[in-house]
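**Q** Please find start39.txt (compact mmCIF, N, CA and C atoms) on the next line:
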```
# COMPACT_ATOMS: atom_id res chain seq x y z
N MET A 1 -25.16 2.13 -3.14
CA MET A 1 -24.28 2.63 -2.12
C MET A 1 -22.82 2.49 -2.52
N GLY A 2 -22.53 1.97 -3.68
CA GLY A 2 -21.14 1.80 -4.08
C GLY A 2 -20.68 0.39 -3.82
N GLN A 3 -19.42 0.25 -3.57
CA GLN A 3 -18.85 -1.08 -3.40
C GLN A 3 -19.17 -1.64 -2.03
N SER A 4 -19.39 -2.93 -1.99
CA SER A 4 -19.71 -3.64 -0.76
C SER A 4 -18.47 -3.80 0.11
N LEU A 5 -18.67 -3.85 1.42
CA LEU A 5 -17.56 -4.10 2.33
C LEU A 5 -17.39 -5.59 2.58
N GLN A 6 -18.12 -6.42 1.87
CA GLN A 6 -17.98 -7.86 1.98
C GLN A 6 -16.65 -8.28 1.37
N PRO A 7 -16.05 -9.37 1.86
CA PRO A 7 -14.79 -9.85 1.28
C PRO A 7 -14.97 -10.14 -0.21
N GLU A 8 -13.93 -9.85 -0.97
CA GLU A 8 -13.96 -10.08 -2.40
C GLU A 8 -13.58 -11.53 -2.69
N PRO A 9 -14.11 -12.09 -3.76
CA PRO A 9 -13.64 -13.40 -4.18
C PRO A 9 -12.15 -13.32 -4.48
N SER A 10 -11.43 -14.37 -4.20
CA SER A 10 -9.99 -14.39 -4.39
C SER A 10 -9.61 -13.98 -5.81
N GLY A 11 -8.73 -12.96 -5.89
CA GLY A 11 -8.21 -12.53 -7.18
C GLY A 11 -9.12 -11.63 -7.98
N GLU A 12 -10.26 -11.28 -7.47
CA GLU A 12 -11.18 -10.44 -8.22
C GLU A 12 -11.46 -9.16 -7.45
N ARG A 13 -11.69 -8.11 -8.20
CA ARG A 13 -12.08 -6.85 -7.57
C ARG A 13 -13.58 -6.85 -7.43
N SER A 14 -14.07 -6.19 -6.39
CA SER A 14 -15.50 -6.11 -6.15
C SER A 14 -16.20 -5.51 -7.36
N GLY A 15 -17.17 -6.22 -7.86
CA GLY A 15 -17.92 -5.73 -9.01
C GLY A 15 -17.18 -5.83 -10.32
N GLY A 16 -15.95 -6.29 -10.32
CA GLY A 16 -15.19 -6.44 -11.55
C GLY A 16 -14.75 -5.13 -12.16
N ARG A 17 -14.84 -4.04 -11.42
CA ARG A 17 -14.47 -2.74 -11.96
C ARG A 17 -13.00 -2.46 -11.69
N LYS A 18 -12.36 -1.80 -12.62
CA LYS A 18 -10.95 -1.46 -12.49
C LYS A 18 -10.84 -0.12 -11.76
N PRO A 19 -9.69 0.15 -11.09
CA PRO A 19 -9.53 1.42 -10.36
C PRO A 19 -9.78 2.64 -11.22
N ALA A 20 -9.36 2.61 -12.48
CA ALA A 20 -9.58 3.78 -13.34
C ALA A 20 -11.06 4.07 -13.52
N GLU A 21 -11.88 3.03 -13.45
CA GLU A 21 -13.32 3.22 -13.62
C GLU A 21 -13.95 3.86 -12.40
N THR A 22 -13.36 3.69 -11.23
CA THR A 22 -13.93 4.25 -10.01
C THR A 22 -13.18 5.48 -9.53
N ALA A 23 -12.06 5.83 -10.19
CA ALA A 23 -11.22 6.92 -9.71
C ALA A 23 -11.95 8.25 -9.62
N GLY A 24 -12.87 8.53 -10.51
CA GLY A 24 -13.57 9.80 -10.50
C GLY A 24 -14.84 9.79 -9.68
N GLU A 25 -15.19 8.65 -9.12
CA GLU A 25 -16.43 8.52 -8.37
C GLU A 25 -16.18 8.69 -6.88
N GLY A 26 -17.22 9.07 -6.17
CA GLY A 26 -17.16 9.09 -4.72
C GLY A 26 -16.48 10.31 -4.15
N SER A 27 -16.35 10.26 -2.84
CA SER A 27 -15.75 11.37 -2.10
C SER A 27 -14.23 11.36 -2.26
N GLU A 28 -13.61 12.39 -1.78
CA GLU A 28 -12.15 12.48 -1.81
C GLU A 28 -11.53 11.31 -1.04
N LEU A 29 -12.13 10.95 0.09
CA LEU A 29 -11.63 9.82 0.87
C LEU A 29 -11.76 8.52 0.09
N GLU A 30 -12.91 8.31 -0.53
CA GLU A 30 -13.11 7.08 -1.31
C GLU A 30 -12.13 6.99 -2.47
N ARG A 31 -11.90 8.09 -3.15
CA ARG A 31 -10.93 8.10 -4.24
C ARG A 31 -9.53 7.82 -3.70
N GLY A 32 -9.21 8.39 -2.54
CA GLY A 32 -7.90 8.16 -1.94
C GLY A 32 -7.68 6.70 -1.58
N LEU A 33 -8.72 6.06 -1.06
CA LEU A 33 -8.61 4.64 -0.73
C LEU A 33 -8.37 3.81 -1.99
N CYS A 34 -9.06 4.16 -3.07
CA CYS A 34 -8.83 3.46 -4.34
C CYS A 34 -7.39 3.64 -4.81
N VAL A 35 -6.84 4.82 -4.64
CA VAL A 35 -5.46 5.09 -5.04
C VAL A 35 -4.50 4.24 -4.20
N ILE A 36 -4.74 4.12 -2.90
CA ILE A 36 -3.89 3.31 -2.03
C ILE A 36 -3.88 1.86 -2.49
N VAL A 37 -5.05 1.32 -2.76
CA VAL A 37 -5.15 -0.07 -3.21
C VAL A 37 -4.49 -0.23 -4.58
N ASP A 38 -4.80 0.68 -5.48
CA ASP A 38 -4.24 0.61 -6.83
C ASP A 38 -2.71 0.69 -6.80
N SER A 39 -2.15 1.50 -5.91
CA SER A 39 -0.70 1.61 -5.82
C SER A 39 -0.05 0.27 -5.52
N PHE A 40 -0.64 -0.49 -4.63
CA PHE A 40 -0.10 -1.82 -4.32
C PHE A 40 -0.12 -2.69 -5.58
N TYR A 41 -1.26 -2.74 -6.26
CA TYR A 41 -1.40 -3.65 -7.40
C TYR A 41 -0.59 -3.23 -8.62
N ARG A 42 -0.22 -1.96 -8.73
CA ARG A 42 0.65 -1.54 -9.83
C ARG A 42 2.05 -2.11 -9.69
N TYR A 43 2.49 -2.37 -8.46
CA TYR A 43 3.84 -2.87 -8.22
C TYR A 43 3.88 -4.36 -7.88
N ALA A 44 2.79 -4.92 -7.40
CA ALA A 44 2.76 -6.31 -6.96
C ALA A 44 2.81 -7.27 -8.15
N GLU A 45 3.39 -8.42 -7.89
CA GLU A 45 3.49 -9.46 -8.90
C GLU A 45 2.96 -10.75 -8.33
N GLY A 46 2.62 -11.67 -9.23
CA GLY A 46 2.15 -12.98 -8.81
C GLY A 46 0.78 -13.27 -9.37
N PRO A 47 0.29 -14.48 -9.08
CA PRO A 47 -1.02 -14.87 -9.60
C PRO A 47 -2.14 -14.13 -8.88
N PRO A 48 -3.29 -14.01 -9.52
CA PRO A 48 -4.44 -13.36 -8.87
C PRO A 48 -4.72 -14.01 -7.51
N GLY A 49 -4.99 -13.19 -6.54
CA GLY A 49 -5.28 -13.67 -5.20
C GLY A 49 -4.04 -13.89 -4.36
N ALA A 50 -2.86 -13.82 -4.98
CA ALA A 50 -1.62 -14.03 -4.23
C ALA A 50 -0.57 -13.00 -4.61
N LYS A 51 -1.01 -11.87 -5.09
CA LYS A 51 -0.06 -10.83 -5.49
C LYS A 51 0.69 -10.31 -4.26
N ALA A 52 1.96 -9.99 -4.47
CA ALA A 52 2.79 -9.50 -3.38
C ALA A 52 3.93 -8.67 -3.96
N LEU A 53 4.58 -7.92 -3.08
CA LEU A 53 5.73 -7.12 -3.47
C LEU A 53 7.00 -7.86 -3.06
N ASP A 54 7.93 -8.04 -4.00
CA ASP A 54 9.24 -8.54 -3.60
C ASP A 54 10.08 -7.31 -3.22
N GLN A 55 11.35 -7.52 -2.89
CA GLN A 55 12.16 -6.40 -2.41
C GLN A 55 12.33 -5.32 -3.47
N VAL A 56 12.52 -5.71 -4.72
CA VAL A 56 12.69 -4.73 -5.80
C VAL A 56 11.41 -3.93 -6.01
N ALA A 57 10.28 -4.62 -6.07
CA ALA A 57 8.99 -3.94 -6.25
C ALA A 57 8.70 -3.01 -5.08
N PHE A 58 9.04 -3.45 -3.87
CA PHE A 58 8.83 -2.62 -2.68
C PHE A 58 9.68 -1.36 -2.75
N GLN A 59 10.94 -1.50 -3.15
CA GLN A 59 11.82 -0.34 -3.30
C GLN A 59 11.27 0.62 -4.34
N ASN A 60 10.77 0.10 -5.45
CA ASN A 60 10.19 0.95 -6.50
C ASN A 60 8.96 1.68 -5.98
N LEU A 61 8.10 0.99 -5.25
CA LEU A 61 6.91 1.63 -4.67
C LEU A 61 7.33 2.75 -3.71
N LEU A 62 8.30 2.47 -2.85
CA LEU A 62 8.77 3.50 -1.91
C LEU A 62 9.31 4.72 -2.65
N SER A 63 10.16 4.47 -3.63
CA SER A 63 10.79 5.58 -4.37
C SER A 63 9.80 6.39 -5.18
N ASN A 64 8.84 5.71 -5.80
CA ASN A 64 7.92 6.39 -6.69
C ASN A 64 6.67 6.94 -6.01
N GLU A 65 6.23 6.31 -4.93
CA GLU A 65 4.95 6.67 -4.34
C GLU A 65 5.04 7.29 -2.95
N LEU A 66 6.13 7.03 -2.23
CA LEU A 66 6.20 7.47 -0.83
C LEU A 66 7.47 8.26 -0.51
N SER A 67 8.08 8.84 -1.51
CA SER A 67 9.37 9.50 -1.29
C SER A 67 9.27 10.74 -0.40
N HIS A 68 8.10 11.36 -0.31
CA HIS A 68 7.96 12.53 0.56
C HIS A 68 7.62 12.15 1.99
N GLN A 69 7.03 10.99 2.19
CA GLN A 69 6.69 10.52 3.54
C GLN A 69 7.85 9.76 4.17
N LEU A 70 8.56 9.00 3.36
CA LEU A 70 9.69 8.21 3.84
C LEU A 70 10.95 8.82 3.27
N THR A 71 11.60 9.63 4.05
CA THR A 71 12.69 10.46 3.53
C THR A 71 13.93 9.67 3.13
N SER A 72 14.09 8.44 3.57
CA SER A 72 15.29 7.68 3.22
C SER A 72 14.99 6.57 2.21
N THR A 73 14.01 6.79 1.34
CA THR A 73 13.63 5.74 0.40
C THR A 73 14.73 5.44 -0.61
N GLU A 74 15.63 6.36 -0.86
CA GLU A 74 16.71 6.11 -1.81
C GLU A 74 17.83 5.29 -1.17
N ASP A 75 17.87 5.22 0.13
CA ASP A 75 18.89 4.47 0.85
C ASP A 75 18.52 2.99 0.80
N GLN A 76 19.32 2.20 0.09
CA GLN A 76 19.04 0.78 -0.08
C GLN A 76 18.91 0.06 1.25
N GLN A 77 19.80 0.34 2.21
CA GLN A 77 19.75 -0.35 3.50
C GLN A 77 18.49 0.04 4.28
N ALA A 78 18.11 1.30 4.23
CA ALA A 78 16.89 1.73 4.92
C ALA A 78 15.67 1.04 4.32
N ALA A 79 15.63 0.92 2.99
CA ALA A 79 14.52 0.23 2.34
C ALA A 79 14.50 -1.25 2.71
N LEU A 80 15.67 -1.88 2.77
CA LEU A 80 15.76 -3.29 3.16
C LEU A 80 15.30 -3.48 4.60
N ASP A 81 15.71 -2.57 5.48
CA ASP A 81 15.29 -2.64 6.88
C ASP A 81 13.78 -2.48 7.01
N LEU A 82 13.22 -1.55 6.26
CA LEU A 82 11.77 -1.34 6.28
C LEU A 82 11.05 -2.56 5.72
N PHE A 83 11.61 -3.14 4.65
CA PHE A 83 11.02 -4.35 4.07
C PHE A 83 10.94 -5.45 5.13
N LYS A 84 12.04 -5.66 5.85
CA LYS A 84 12.07 -6.70 6.88
C LYS A 84 11.06 -6.41 7.99
N LYS A 85 10.91 -5.15 8.35
CA LYS A 85 9.96 -4.76 9.39
C LYS A 85 8.51 -4.99 8.94
N VAL A 86 8.21 -4.64 7.70
CA VAL A 86 6.85 -4.76 7.17
C VAL A 86 6.50 -6.22 6.88
N ASP A 87 7.49 -7.03 6.51
CA ASP A 87 7.28 -8.45 6.19
C ASP A 87 7.08 -9.23 7.48
N ALA A 88 5.89 -9.14 8.04
CA ALA A 88 5.59 -9.69 9.37
C ALA A 88 5.78 -11.20 9.44
N ASN A 89 5.49 -11.92 8.36
CA ASN A 89 5.61 -13.38 8.40
C ASN A 89 6.94 -13.89 7.83
N ASN A 90 7.85 -12.97 7.51
CA ASN A 90 9.19 -13.31 7.03
C ASN A 90 9.22 -14.22 5.82
N ASP A 91 8.29 -14.01 4.88
CA ASP A 91 8.26 -14.85 3.68
C ASP A 91 8.96 -14.18 2.49
N GLN A 92 9.65 -13.07 2.74
CA GLN A 92 10.37 -12.32 1.72
C GLN A 92 9.45 -11.68 0.68
N LYS A 93 8.19 -11.49 1.06
CA LYS A 93 7.21 -10.81 0.20
C LYS A 93 6.34 -9.94 1.09
N ILE A 94 5.85 -8.86 0.52
CA ILE A 94 4.92 -7.99 1.22
C ILE A 94 3.54 -8.23 0.64
N SER A 95 2.65 -8.80 1.44
CA SER A 95 1.27 -9.03 1.03
C SER A 95 0.51 -7.71 1.12
N PHE A 96 -0.72 -7.73 0.61
CA PHE A 96 -1.53 -6.52 0.72
C PHE A 96 -1.77 -6.16 2.19
N ASP A 97 -2.03 -7.15 3.04
CA ASP A 97 -2.26 -6.86 4.46
C ASP A 97 -1.03 -6.25 5.12
N GLU A 98 0.15 -6.72 4.77
CA GLU A 98 1.38 -6.14 5.31
C GLU A 98 1.59 -4.73 4.79
N TYR A 99 1.29 -4.52 3.52
CA TYR A 99 1.34 -3.18 2.91
C TYR A 99 0.38 -2.25 3.64
N TRP A 100 -0.82 -2.75 3.93
CA TRP A 100 -1.81 -1.93 4.62
C TRP A 100 -1.30 -1.52 6.00
N ASP A 101 -0.61 -2.40 6.70
CA ASP A 101 -0.03 -2.04 8.00
C ASP A 101 0.96 -0.89 7.85
N LEU A 102 1.73 -0.88 6.77
CA LEU A 102 2.65 0.22 6.50
C LEU A 102 1.87 1.52 6.28
N ILE A 103 0.79 1.45 5.52
CA ILE A 103 -0.03 2.64 5.26
C ILE A 103 -0.60 3.18 6.57
N VAL A 104 -1.05 2.30 7.45
CA VAL A 104 -1.58 2.71 8.76
C VAL A 104 -0.51 3.46 9.54
N GLU A 105 0.71 2.93 9.55
CA GLU A 105 1.80 3.60 10.28
C GLU A 105 2.10 4.97 9.69
N ILE A 106 2.09 5.08 8.38
CA ILE A 106 2.33 6.38 7.73
C ILE A 106 1.22 7.35 8.11
N CYS A 107 -0.02 6.89 8.15
CA CYS A 107 -1.14 7.75 8.56
C CYS A 107 -0.96 8.22 10.00
N ARG A 108 -0.47 7.35 10.86
CA ARG A 108 -0.23 7.75 12.26
C ARG A 108 0.84 8.83 12.34
N VAL A 109 1.89 8.70 11.55
CA VAL A 109 2.94 9.72 11.53
C VAL A 109 2.38 11.04 11.03
N ILE A 110 1.58 10.99 9.98
CA ILE A 110 0.96 12.21 9.44
C ILE A 110 0.07 12.85 10.51
N ARG A 111 -0.71 12.04 11.20
CA ARG A 111 -1.59 12.56 12.26
C ARG A 111 -0.77 13.25 13.35
N ARG A 112 0.29 12.60 13.79
CA ARG A 112 1.11 13.20 14.86
C ARG A 112 1.77 14.48 14.41
N SER A 113 2.32 14.48 13.19
CA SER A 113 3.05 15.67 12.74
C SER A 113 2.13 16.80 12.33
N THR A 114 0.95 16.48 11.79
CA THR A 114 0.05 17.51 11.29
C THR A 114 -0.91 18.02 12.37
N TYR A 115 -1.36 17.11 13.21
CA TYR A 115 -2.40 17.47 14.19
C TYR A 115 -1.88 17.44 15.62
N ASN A 116 -0.57 17.27 15.78
CA ASN A 116 0.09 17.29 17.10
C ASN A 116 -0.55 16.33 18.08
N GLU A 117 -0.87 15.14 17.63
CA GLU A 117 -1.45 14.12 18.52
C GLU A 117 -0.45 13.03 18.76
```
Give the structure from the file, written as structure tokens.

**A**
Amino acid sequence: MGQSLQPEPSGERSGGRKPAETAGEGSELERGLCVIVDSFYRYAEGPPGAKALDQVAFQNLLSNELSHQLTSTEDQQAALDLFKKVDANNDQKISFDEYWDLIVEICRVIRRSTYNE
């Protein structure tokens, strides 16, 4: 059935497979989810199991990956404000869970603008 929905061991990917190995597999949605996860890990730094985005990495992710969804990604102050908003625990880092909350908000905006909901 593919990858399990069980929690992964800290710092390891389910099944030990890299995103490139699964990129061509599965449905369009499954591939998209892999891309979302991979995008975080391409920019995140730190030890396995504790990877996070600092402000510079977050700005790079916004500029390179979300420039069409977030129209003010080049504005340093807008990126700093968004960083502060996404950094729910105020630790000056964006964890994967905080990043995921940002992705959820972007999906909501897409839903409202595309499907008028």

**Q** When you count only C-alpha atoms, which of these residues is closest to Glu65 in chain A: A:Cys107, A:Ile36, A:Ala52, A:Leu102?

**A**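 So, comparing all the options, the nearest one is A:Ile36.
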
**Q** May I have the protein, DNA and RNA residues with an atom at most 10 Å from (2.3, -3.2, -10.7), counting only C-alpha atoms in the file's coordinates, returned as a list in words?

**A**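 Residues with an atom at most 10 Å from (2.3, -3.2, -10.7): Asp38, Ser39, Phe40, Tyr41, Arg42, Tyr43, Ala44, Glu45, Gly46, Lys51, Ala52, Leu53, Ala57, Asn60 and Leu61 of chain A.
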
**Q** Store the residues picked out above, limited to N, CA and C atoms, as a PDB file, in the frame of the given file.

**A**
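Result went into again_26.pdb, see below:
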```
ATOM      1  N   ASP A  38      -4.800   0.680  -5.480  1.00  0.00           N
ATOM      2  CA  ASP A  38      -4.240   0.610  -6.830  1.00  0.00           C
ATOM      3  C   ASP A  38      -2.710   0.690  -6.800  1.00  0.00           C
ATOM      4  N   SER A  39      -2.150   1.500  -5.910  1.00  0.00           N
ATOM      5  CA  SER A  39      -0.700   1.610  -5.820  1.00  0.00           C
ATOM      6  C   SER A  39      -0.050   0.270  -5.520  1.00  0.00           C
ATOM      7  N   PHE A  40      -0.640  -0.490  -4.630  1.00  0.00           N
ATOM      8  CA  PHE A  40      -0.100  -1.820  -4.320  1.00  0.00           C
ATOM      9  C   PHE A  40      -0.120  -2.690  -5.580  1.00  0.00           C
ATOM     10  N   TYR A  41      -1.260  -2.740  -6.260  1.00  0.00           N
ATOM     11  CA  TYR A  41      -1.400  -3.650  -7.400  1.00  0.00           C
ATOM     12  C   TYR A  41      -0.590  -3.230  -8.620  1.00  0.00           C
ATOM     13  N   ARG A  42      -0.220  -1.960  -8.730  1.00  0.00           N
ATOM     14  CA  ARG A  42       0.650  -1.540  -9.830  1.00  0.00           C
ATOM     15  C   ARG A  42       2.050  -2.110  -9.690  1.00  0.00           C
ATOM     16  N   TYR A  43       2.490  -2.370  -8.460  1.00  0.00           N
ATOM     17  CA  TYR A  43       3.840  -2.870  -8.220  1.00  0.00           C
ATOM     18  C   TYR A  43       3.880  -4.360  -7.880  1.00  0.00           C
ATOM     19  N   ALA A  44       2.790  -4.920  -7.400  1.00  0.00           N
ATOM     20  CA  ALA A  44       2.760  -6.310  -6.960  1.00  0.00           C
ATOM     21  C   ALA A  44       2.810  -7.270  -8.150  1.00  0.00           C
ATOM     22  N   GLU A  45       3.390  -8.420  -7.890  1.00  0.00           N
ATOM     23  CA  GLU A  45       3.490  -9.460  -8.900  1.00  0.00           C
ATOM     24  C   GLU A  45       2.960 -10.750  -8.330  1.00  0.00           C
ATOM     25  N   GLY A  46       2.620 -11.670  -9.230  1.00  0.00           N
ATOM     26  CA  GLY A  46       2.150 -12.980  -8.810  1.00  0.00           C
ATOM     27  C   GLY A  46       0.780 -13.270  -9.370  1.00  0.00           C
ATOM     28  N   LYS A  51      -1.010 -11.870  -5.090  1.00  0.00           N
ATOM     29  CA  LYS A  51      -0.060 -10.830  -5.490  1.00  0.00           C
ATOM     30  C   LYS A  51       0.690 -10.310  -4.260  1.00  0.00           C
ATOM     31  N   ALA A  52       1.960  -9.990  -4.470  1.00  0.00           N
ATOM     32  CA  ALA A  52       2.790  -9.500  -3.380  1.00  0.00           C
ATOM     33  C   ALA A  52       3.930  -8.670  -3.960  1.00  0.00           C
ATOM     34  N   LEU A  53       4.580  -7.920  -3.080  1.00  0.00           N
ATOM     35  CA  LEU A  53       5.730  -7.120  -3.470  1.00  0.00           C
ATOM     36  C   LEU A  53       7.000  -7.860  -3.060  1.00  0.00           C
ATOM     37  N   ALA A  57      10.280  -4.620  -6.070  1.00  0.00           N
ATOM     38  CA  ALA A  57       8.990  -3.940  -6.250  1.00  0.00           C
ATOM     39  C   ALA A  57       8.700  -3.010  -5.080  1.00  0.00           C
ATOM     40  N   ASN A  60      10.770   0.100  -5.450  1.00  0.00           N
ATOM     41  CA  ASN A  60      10.190   0.950  -6.500  1.00  0.00           C
ATOM     42  C   ASN A  60       8.960   1.680  -5.980  1.00  0.00           C
ATOM     43  N   LEU A  61       8.100   0.990  -5.250  1.00  0.00           N
ATOM     44  CA  LEU A  61       6.910   1.630  -4.670  1.00  0.00           C
ATOM     45  C   LEU A  61       7.330   2.750  -3.710  1.00  0.00           C
TER      46      LEU A  61
END
```

**Q** Within 7 Å of (6.8, 8.9, 9.8) in the file's own coordinates, which protein, DNA or RNA residues have an atom, counting only C-alpha atoms? List them as a PDB file with N, CA and C atoms, in the coordinates of the input.

**A**
```pdb
ATOM      1  N   GLN A  69       7.030  10.990   2.190  1.00  0.00           N
ATOM      2  CA  GLN A  69       6.690  10.520   3.540  1.00  0.00           C
ATOM      3  C   GLN A  69       7.850   9.760   4.170  1.00  0.00           C
ATOM      4  N   LEU A  70       8.560   9.000   3.360  1.00  0.00           N
ATOM      5  CA  LEU A  70       9.690   8.210   3.840  1.00  0.00           C
ATOM      6  C   LEU A  70      10.950   8.820   3.270  1.00  0.00           C
ATOM      7  N   ILE A 106       2.090   5.080   8.380  1.00  0.00           N
ATOM      8  CA  ILE A 106       2.330   6.380   7.730  1.00  0.00           C
ATOM      9  C   ILE A 106       1.220   7.350   8.110  1.00  0.00           C
ATOM     10  N   VAL A 109       1.890   8.700  11.550  1.00  0.00           N
ATOM     11  CA  VAL A 109       2.940   9.720  11.530  1.00  0.00           C
ATOM     12  C   VAL A 109       2.380  11.040  11.030  1.00  0.00           C
ATOM     13  N   ILE A 110       1.580  10.990   9.980  1.00  0.00           N
ATOM     14  CA  ILE A 110       0.960  12.210   9.440  1.00  0.00           C
ATOM     15  C   ILE A 110       0.070  12.850  10.510  1.00  0.00           C
TER      16      ILE A 110
END
```

**Q** Hey, what's within 7 Å of range 73-89 of chain A if we count all atoms listed in the file and toss same-chain stuff fewer than 6 positions away? As a PyMOL selection string, please?

**A** chain A and resi 55+59+62-63+66-67+95+98-99+102

**Q** One decimal, in Å: what's the spacing between atom C of Ile103 in chain A and atom N of Gly32 in chain A?

**A** 13.6 Å

**Q** Rounded to one decimal place, report the CA of Phe96 in chain A-CA of Ala50 in chain A distance in Å.

**A**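 That distance, rounded to one decimal, is 9.0 Å.
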
**Q** Using only N, CA and C atoms, which of A:Glu117, A:Asp54, A:Glu25, A:Glu30 sits nearest Ile94 in chain A?

**A**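 Answer, going by the shortest atom-to-atom distance: A:Asp54.
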
**Q** In Å, how far is it from atom N of Arg108 in chain A to atom N of Cys34 in chain A?

**A**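 For atom N of Arg108 in chain A relative to atom N of Cys34 in chain A, the distance reads 16.7 Å.
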
**Q** Could you tell me, as a PyMOL selection string, which residues of range 29-115 of chain A DSSP assigns to strand (DSSP E or B) when given the backbone?

**A** chain A and resi 45+52-53+94

**Q** Store the residues picked out above in a file with N, CA and C atoms, as a short mmCIF file (atom, residue, chain, number, x, y, z; two decimals), in the coordinates of the input.

**A**
```
data_model
loop_
_atom_site.label_atom_id
_atom_site.label_comp_id
_atom_site.auth_asym_id
_atom_site.auth_seq_id
_atom_site.Cartn_x
_atom_site.Cartn_y
_atom_site.Cartn_z
N GLU A 45 3.39 -8.42 -7.89
CA GLU A 45 3.49 -9.46 -8.90
C GLU A 45 2.96 -10.75 -8.33
N ALA A 52 1.96 -9.99 -4.47
CA ALA A 52 2.79 -9.50 -3.38
C ALA A 52 3.93 -8.67 -3.96
N LEU A 53 4.58 -7.92 -3.08
CA LEU A 53 5.73 -7.12 -3.47
C LEU A 53 7.00 -7.86 -3.06
N ILE A 94 5.85 -8.86 0.52
CA ILE A 94 4.92 -7.99 1.22
C ILE A 94 3.54 -8.23 0.64
#
```
